[in-house]
Amino acid sequence: MEEKWEPTIIAFVCNWCTYAGADLAGTSRFKYAPNVRIIKTPCTGRIDPMFILSALERGADGVIVSGCHPNDCHYNEGNFNARRKYIMFRALLTQLGVDLDRVTFAWCSASEGIKFAGLVTEVTDRIRKMGPYTEFKQLNQDAR
Amino acid sequence: MNYAYYPGCSLESTSPDFNISTEALIEFLSLDIPEVDDWVCCGASSLHPEDKLASLALPALTIESAEKQKRDIMVQCPACYAHLRESQEALTHEGTMQDNLKEAIGREISAKLKIKHFSEILMQEIGLEALQAKVTKPLKDIKIANYYGCVIVRPQELMQYDDPEDPQLMDKLVNITGAESVSWPFKTKCCGAGNSISKTEVTLDMTYQILSMAKKNGADAISVLCPLCHINLDFRQPQIERRYKEKFNLPVFYYTQLLGLAFGLDPKKLALDRLFVSPFPLLKSKGILS
Amino acid sequence: MAKIGVFVCWCGSNIAETVDVKRAAETIAKIPGVVYSVDYKYMCSDPGQDMVKNAIKEYNLTGVVVASCSPRMHEKTFRKAASEAGLNPYMLEMANIREHCSWVHDNKEEATQKAIDLIRMMVEKVKRNKPLQNIKIPVTKKALVIGGGVTGIQAALDIAAGGIPVILLEREPSIGGHMSMLDETFPTLDCSQCILTPKMVEVAQNPLVTIMTYSELEKLEGFIGNFKATIKKKARHVNVEECTGCGTCWTKCPTKVTSEFEQGLGIRKAIYIPFPQAIPSRPVIDEANCMKFTQNRCGICAKICPKQCISYDDKEEFIEIEVGSIVVATGYDLMPTSAFGEYGYGKYPDVVTSLQFERMVCASGPTLGDLQRPSDKKKPKTVVFIQCVGSRDPEHHKAYCSKICCMYTAKQTMLYRHKVHDGNAYVFYIDIRSNGKNYEEFLRRAQEENKAQYIRGRVSMVYQDGPDLVVEGADTLTNSQVRIRADLVVLATAMVSPIGVKELAQKLGIGYDQHGFLTEAHPKLRPVESATAGIFLAGCAISPRDIPDSVSEASGAAAKVLGMLSKDELEKEGVVAIVRECSCTGCQNCIRVCPFTAIALKDIRDKAGNLIRQVANVNPGLCTGCGTCTPTCPSRSIDLQGFTDEEIFAEINAMAELH
């Protein structure tokens, strides 16, 4: 049976801004694509690049990383650490042959429910056009 | 120092006295500053509000030409200076305007040359001491109000000429001639500029204030570096005197003319006879010319 | 073996309309380790909570997932219920299937599938959760207030009123701050010193308050409840205990210095008290100007002091104090006026700042309240006030509004008219902001009774014309140019953060914005707290505000301090980082990124006491649980409890297995 393929997106978000922004999208009933699964961390600084690789390996077709805007970090500077890490990580992803369009980094505050909804829909549409991400999954299966 | 001179249309047409005295200084100081080959209008006046791209593309052509000559650009008219700088900014910063400009010109251009006002070149590349050494006829007992006008100092980020409220560059140049630069508040006040033609009364009022303030602060004459300021202060001075029933009799020199006088150049070579308010009675009364 | 209970909430129709809650509960029941899975109409209701409690007991649950609303709503509720049933509260997690699912999707099939995924992820996480204990921290019942202006004074008084000892720190020789320089205050026109000096005396006489003037914070260590501050006491050269403040020294001192308190309009001596009501009313020697220090001569003050209180050999001292909580009330400065060439400040003596104007009209000022302009002592017949000098000017200076200038300018026009009844006061403004109690009425009085003439527009330049100043500007209401001949021009310059605040904030480990104003933990809901636990903020240190707001915040911060120090022990969440010492290499990556300096090196010694190696060590009192340290560890030796690598990877894996 050939089902219509739908992308799976994993979003790693910080507790204080983006998670609350997603809550606001909910209380405001802003509709967005149902493809996203949110994983909460205290701060974008907690988000290990390995989480992103692991998500891609385990079946995600796209990843969102989102937290407080610069200077809004609940922990003062966790998001700056995240940004620095992510800049390095992009280079690594390119080297691994991962299309950078699969990993989206975006700031989203607790008051930006509408931005969060738009972000998810936009990323979902983009990943849907790109098709399923199979390279890492394949590696994973081969290894087994 | 490797400059090419961009006179622009004002110095070629309405203000030949500025051009002539500039050429005289270049010759006297034995500077190697030929004109920019095939220079064109700087895009000033009517063009820039009408068509931004065209107004930046015109100076880009001149920049490209100087680049081919492998020379930096020396300029006298502040409006030309501003437009050349603006065009250079657009050419050297990535963006839509840069793309559009390159397409409009259709030639490769880096625009990484220097664009300098002649007064800056005198000050920074020749130096006050070297100039001072060439003074043979000090302009003793003359008090000068240095009037910079508004364009040369604004916007400061673009022009990077001098302090926009109280510039000192021309004051220092004029001081080496032996004349005394007076301290006065209207150095960079607007002269009325282009309103000269469309709303003459506005210009007359503004110019009247500038002349009054110069006189009040004890000036015998005014020194300028902008051809349009010169027209408003010099050419319109008799009209202002009639309108406000007040005699000024303030000769309005280009700073190049004052420097030339102090270097002992022939007044004719400095086009002093072309000024509307004759400077000769003043210069004679101070014993500078006989 | 994990025994997980799952409770899927309908939230009435809020969830159940879009998510097939029955199917969700049934699907989840099939996950290995899930021993109980039900759906119920309102999980947060008492019967709902009882279901959780009973199931924990009945099935000996090791973990619980409540699938309902956002954890921001009810995580506390359910964790409390769990702990009442004997389960460690950190073994309960919530799957957010309302805000993140039913409310944002329409298609029931897709929403149900998503809800199942979200619950499955949480089940996998909770299987790996470890019981955590809240952390108890002992408390030093003593507070430090930094800044001795009206804000700091009020905070110190309120904290002392709660029975807690306070140290009030001030870097100038006297407390009092800017308010002591003001003449009268809006909107009541009561005399600033008349209302401030009683407070200064009160704080000085309060047995619970220790005032340390001419002193600065040098270093801060420790954490909430347990701070250790090092205070630098600058050399005063006067024995404060012995001195009686008789004034012989400063009367005889031959060196005249421009007075900071008089804003450059008056003179003080090299040994001085800044103003007559200063507290402490003990002088200080200004080393930069005293001849004894600059040329090693004079020495008159030491010779004539009747009690031999003066010692030129005094050196600065460092004092260590222990406090449980800190209030930062460092106030403001006015923007340096050298930036405003167009207004001729510094060039024309009759262009003054608003604070200088306060001194010029103040009865205790250099002219004893007789208004004279600086250049020729003439009584000014026309005064032009320029507002927003440096404020609301993003192109050149500060983008923000300094908030108080509209009101004090209105006040200054009144003070001026009270001195010069037939005088003309003009005010150039952009907008008028008079949004406080009785402010608008006050402004109308300035305009109507005192005939202040308001001109909406900016000033392009101020220049000298003979003895007069000429102010040129635009009137944007009549679209005309304005030219006013004035005797005096007063600039309402922007309020900026004072010099040294950024360095202070770095010592304290609290945030500040691009302007140097301190950052609140939340601008609306936690306005007097910094993001660092135990450190509170008040007054203009946060952003420009007026006296009533500053004083309210001082009391607010004091209430926070008292609340905190009312307990013998503090409790905080157990979500903190932990180091696995056996694999830590001591590379210090975690120490470098920790925003709260909560990690330090710890020595590992053998039995003989020899140092073997050093490892990272987390101070749970300081750790806020952000987890920034965790991904930086090359040997994965530091982990964040409550959000461990294992737990998060489990969530990722749970998600993947379905697709």
# chains A, B, ... in the order shown; residues from 1 in each chain; ligands from 1
>>> select_by_dssp(residues="segment 43-137 of chain A", states="strand (DSSP E)", output="PyMOL selection string")
chain A and resi 62-67+103-107
>>> interface_residues(of="chain C", to="chain B", cutoff="7 Å", atoms="only C-alpha atoms", output="PDB file with C-alpha atoms, in the first residue's frame")
ATOM      1  CA  GLY C 341      27.864  70.589  19.498  1.00  0.00           C
ATOM      2  CA  GLU C 342      24.732  72.024  17.923  1.00  0.00           C
ATOM      3  CA  TYR C 463      24.407  80.348  18.891  1.00  0.00           C
TER       4      TYR C 463
END
>>> residues_around(residues="segment 593-604 of chain C", least_positions_apart="3", cutoff="8 Å", atoms="only C-alpha atoms", output="count of residues only")
27
>>> select_by_dssp(residues="segment 93-265 of chain C", states="alpha helix (DSSP H)", output="JSON list (two decimals) with C-alpha atoms, in the first residue's frame")
[["chain", "number", "residue", "atom", "x", "y", "z"],
["C", 108, "LYS", "CA", -8.55, 14.43, 14.01],
["C", 109, "GLU", "CA", -6.49, 11.57, 12.54],
["C", 110, "GLU", "CA", -3.33, 13.66, 12.33],
["C", 111, "ALA", "CA", -3.86, 15.21, 15.74],
["C", 112, "THR", "CA", -4.46, 11.82, 17.34],
["C", 113, "GLN", "CA", -1.32, 10.42, 15.76],
["C", 114, "LYS", "CA", 0.65, 13.43, 16.99],
["C", 115, "ALA", "CA", -0.78, 13.13, 20.50],
["C", 116, "ILE", "CA", 0.21, 9.46, 20.63],
["C", 117, "ASP", "CA", 3.74, 10.40, 19.54],
["C", 118, "LEU", "CA", 4.00, 13.12, 22.18],
["C", 119, "ILE", "CA", 2.82, 10.77, 24.92],
["C", 120, "ARG", "CA", 5.12, 7.98, 23.73],
["C", 121, "MET", "CA", 8.09, 10.36, 23.85],
["C", 122, "MET", "CA", 7.26, 11.32, 27.41],
["C", 123, "VAL", "CA", 6.77, 7.68, 28.42],
["C", 124, "GLU", "CA", 10.24, 6.86, 27.13],
["C", 125, "LYS", "CA", 11.67, 9.86, 28.96],
["C", 126, "VAL", "CA", 9.98, 9.13, 32.25],
["C", 127, "LYS", "CA", 11.20, 5.54, 32.13],
["C", 128, "ARG", "CA", 14.71, 6.95, 32.36],
["C", 150, "VAL", "CA", 16.71, 57.63, 47.55],
["C", 151, "THR", "CA", 16.05, 54.16, 46.11],
["C", 152, "GLY", "CA", 18.82, 52.50, 48.12],
["C", 153, "ILE", "CA", 17.85, 54.41, 51.26],
["C", 154, "GLN", "CA", 14.23, 53.28, 50.97],
["C", 155, "ALA", "CA", 15.24, 49.67, 50.32],
["C", 156, "ALA", "CA", 17.56, 49.69, 53.34],
["C", 157, "LEU", "CA", 14.87, 51.19, 55.57],
["C", 158, "ASP", "CA", 12.26, 48.65, 54.49],
["C", 159, "ILE", "CA", 14.58, 45.69, 54.92],
["C", 160, "ALA", "CA", 15.59, 46.94, 58.37],
["C", 161, "ALA", "CA", 11.92, 47.37, 59.24],
["C", 192, "SER", "CA", 13.45, 67.73, 47.65],
["C", 193, "GLN", "CA", 15.87, 68.10, 50.54],
["C", 194, "CYS", "CA", 13.04, 68.65, 53.03],
["C", 195, "ILE", "CA", 11.61, 65.23, 52.23],
["C", 196, "LEU", "CA", 14.89, 63.43, 51.65],
["C", 197, "THR", "CA", 17.03, 64.55, 54.60],
["C", 198, "PRO", "CA", 14.66, 63.08, 57.23],
["C", 199, "LYS", "CA", 14.98, 59.75, 55.43],
["C", 200, "MET", "CA", 18.76, 60.12, 55.36],
["C", 201, "VAL", "CA", 18.78, 60.77, 59.10],
["C", 202, "GLU", "CA", 16.39, 57.89, 59.72],
["C", 203, "VAL", "CA", 18.57, 55.43, 57.83],
["C", 204, "ALA", "CA", 21.69, 56.75, 59.56],
["C", 205, "GLN", "CA", 20.14, 56.28, 63.01],
["C", 248, "THR", "CA", 37.59, 73.83, 60.84],
["C", 249, "CYS", "CA", 39.53, 71.81, 58.26],
["C", 250, "TRP", "CA", 37.48, 72.72, 55.22],
["C", 251, "THR", "CA", 37.17, 76.34, 56.28],
["C", 252, "LYS", "CA", 40.94, 76.68, 56.42]]
>>> interface_residues(of="chain A", to="chain C", cutoff="7 Å", atoms="only C-alpha atoms", output="list of chain:residue names")
A:Ala22, A:Asp23, A:Gly26, A:Thr27, A:Arg29, A:Phe30, A:Lys31, A:Tyr32, A:Pro34, A:Arg37, A:Thr41, A:Pro42, A:Cys43, A:Gly45, A:Arg46, A:Ile47, A:Asp48, A:Phe51, A:Ala55, A:Arg58, A:Gly59, A:Ala60, A:His74, A:Tyr75, A:Asn76, A:Glu77, A:Gly78
>>> write_last_selection(atoms="C-alpha atoms", output="mmCIF file, in the first residue's frame")
data_model
loop_
_atom_site.group_PDB
_atom_site.id
_atom_site.type_symbol
_atom_site.label_atom_id
_atom_site.label_comp_id
_atom_site.auth_asym_id
_atom_site.auth_seq_id
_atom_site.Cartn_x
_atom_site.Cartn_y
_atom_site.Cartn_z
ATOM 1 C CA ALA A 22 4.226 27.408 21.040
ATOM 2 C CA ASP A 23 1.875 27.473 24.043
ATOM 3 C CA GLY A 26 -2.125 27.075 21.086
ATOM 4 C CA THR A 27 -4.066 29.447 23.301
ATOM 5 C CA ARG A 29 -5.570 28.800 18.098
ATOM 6 C CA PHE A 30 -3.048 29.600 15.354
ATOM 7 C CA LYS A 31 -3.193 26.509 13.143
ATOM 8 C CA TYR A 32 -0.018 24.954 11.781
ATOM 9 C CA PRO A 34 0.853 18.730 12.437
ATOM 10 C CA ARG A 37 7.143 17.011 17.517
ATOM 11 C CA THR A 41 15.043 21.611 26.914
ATOM 12 C CA PRO A 42 15.696 24.285 29.523
ATOM 13 C CA CYS A 43 17.740 26.423 27.123
ATOM 14 C CA GLY A 45 22.493 26.067 25.282
ATOM 15 C CA ARG A 46 21.484 22.556 26.405
ATOM 16 C CA ILE A 47 20.894 21.402 22.834
ATOM 17 C CA ASP A 48 23.707 19.099 21.849
ATOM 18 C CA PHE A 51 20.585 15.539 19.279
ATOM 19 C CA ALA A 55 17.089 12.925 15.102
ATOM 20 C CA ARG A 58 16.386 8.055 13.694
ATOM 21 C CA GLY A 59 13.884 9.193 11.152
ATOM 22 C CA ALA A 60 13.354 12.935 11.214
ATOM 23 C CA HIS A 74 16.563 33.397 30.645
ATOM 24 C CA TYR A 75 20.085 32.335 31.552
ATOM 25 C CA ASN A 76 21.676 35.486 30.054
ATOM 26 C CA GLU A 77 23.891 33.860 27.471
ATOM 27 C CA GLY A 78 22.862 30.275 26.790
#
>>> closest_atom_pairs(of="segment 84-114 of chain A", to="segment 123-133 of chain A", cutoff="9 Å", atoms="only C-alpha atoms", output="CSV")
residue,atom,partner,partner_atom,distance
A:Asp101,CA,A:Ile127,CA,8.0
A:Arg102,CA,A:Ile127,CA,6.7
A:Thr104,CA,A:Val123,CA,7.6
>>> atom_distance(atom1="atom CA of Leu101 of chain B", atom2="atom CA of Lys70 of chain B")
20.7 Å
>>> residues_around(residues="segment 30-45 of chain B", least_positions_apart="5", cutoff="6 Å", atoms="only C-alpha atoms", output="list in words")
Tyr3, Ala4, Tyr5, Tyr6, Ser55, Leu58, Pro59, Thr62, Ala66 and Cys80 of chain B
>>> write_last_selection(atoms="C-alpha atoms", output="short mmCIF file (atom, residue, chain, number, x, y, z; two decimals), in the first residue's frame")
data_model
loop_
_atom_site.label_atom_id
_atom_site.label_comp_id
_atom_site.auth_asym_id
_atom_site.auth_seq_id
_atom_site.Cartn_x
_atom_site.Cartn_y
_atom_site.Cartn_z
CA TYR B 3 45.27 62.37 -7.87
CA ALA B 4 43.19 63.35 -10.86
CA TYR B 5 41.13 66.53 -10.67
CA TYR B 6 37.38 66.36 -11.10
CA SER B 55 22.28 59.84 -10.20
CA LEU B 58 26.88 59.06 -13.46
CA PRO B 59 29.52 59.55 -10.75
CA THR B 62 33.77 59.18 -13.40
CA ALA B 66 39.82 57.61 -12.65
CA CYS B 80 30.24 66.61 -6.47
#
>>> residues_around(residues="Thr200 of chain B", least_positions_apart="6", cutoff="12 Å", atoms="only C-alpha atoms", output="list of chain:residue names")
B:Cys191, B:Gly192, B:Ala193, B:Gly194, B:Met206, B:Thr207, B:Tyr208, B:Asn232, B:Arg236, B:Gln239, B:Ile240, B:Arg243
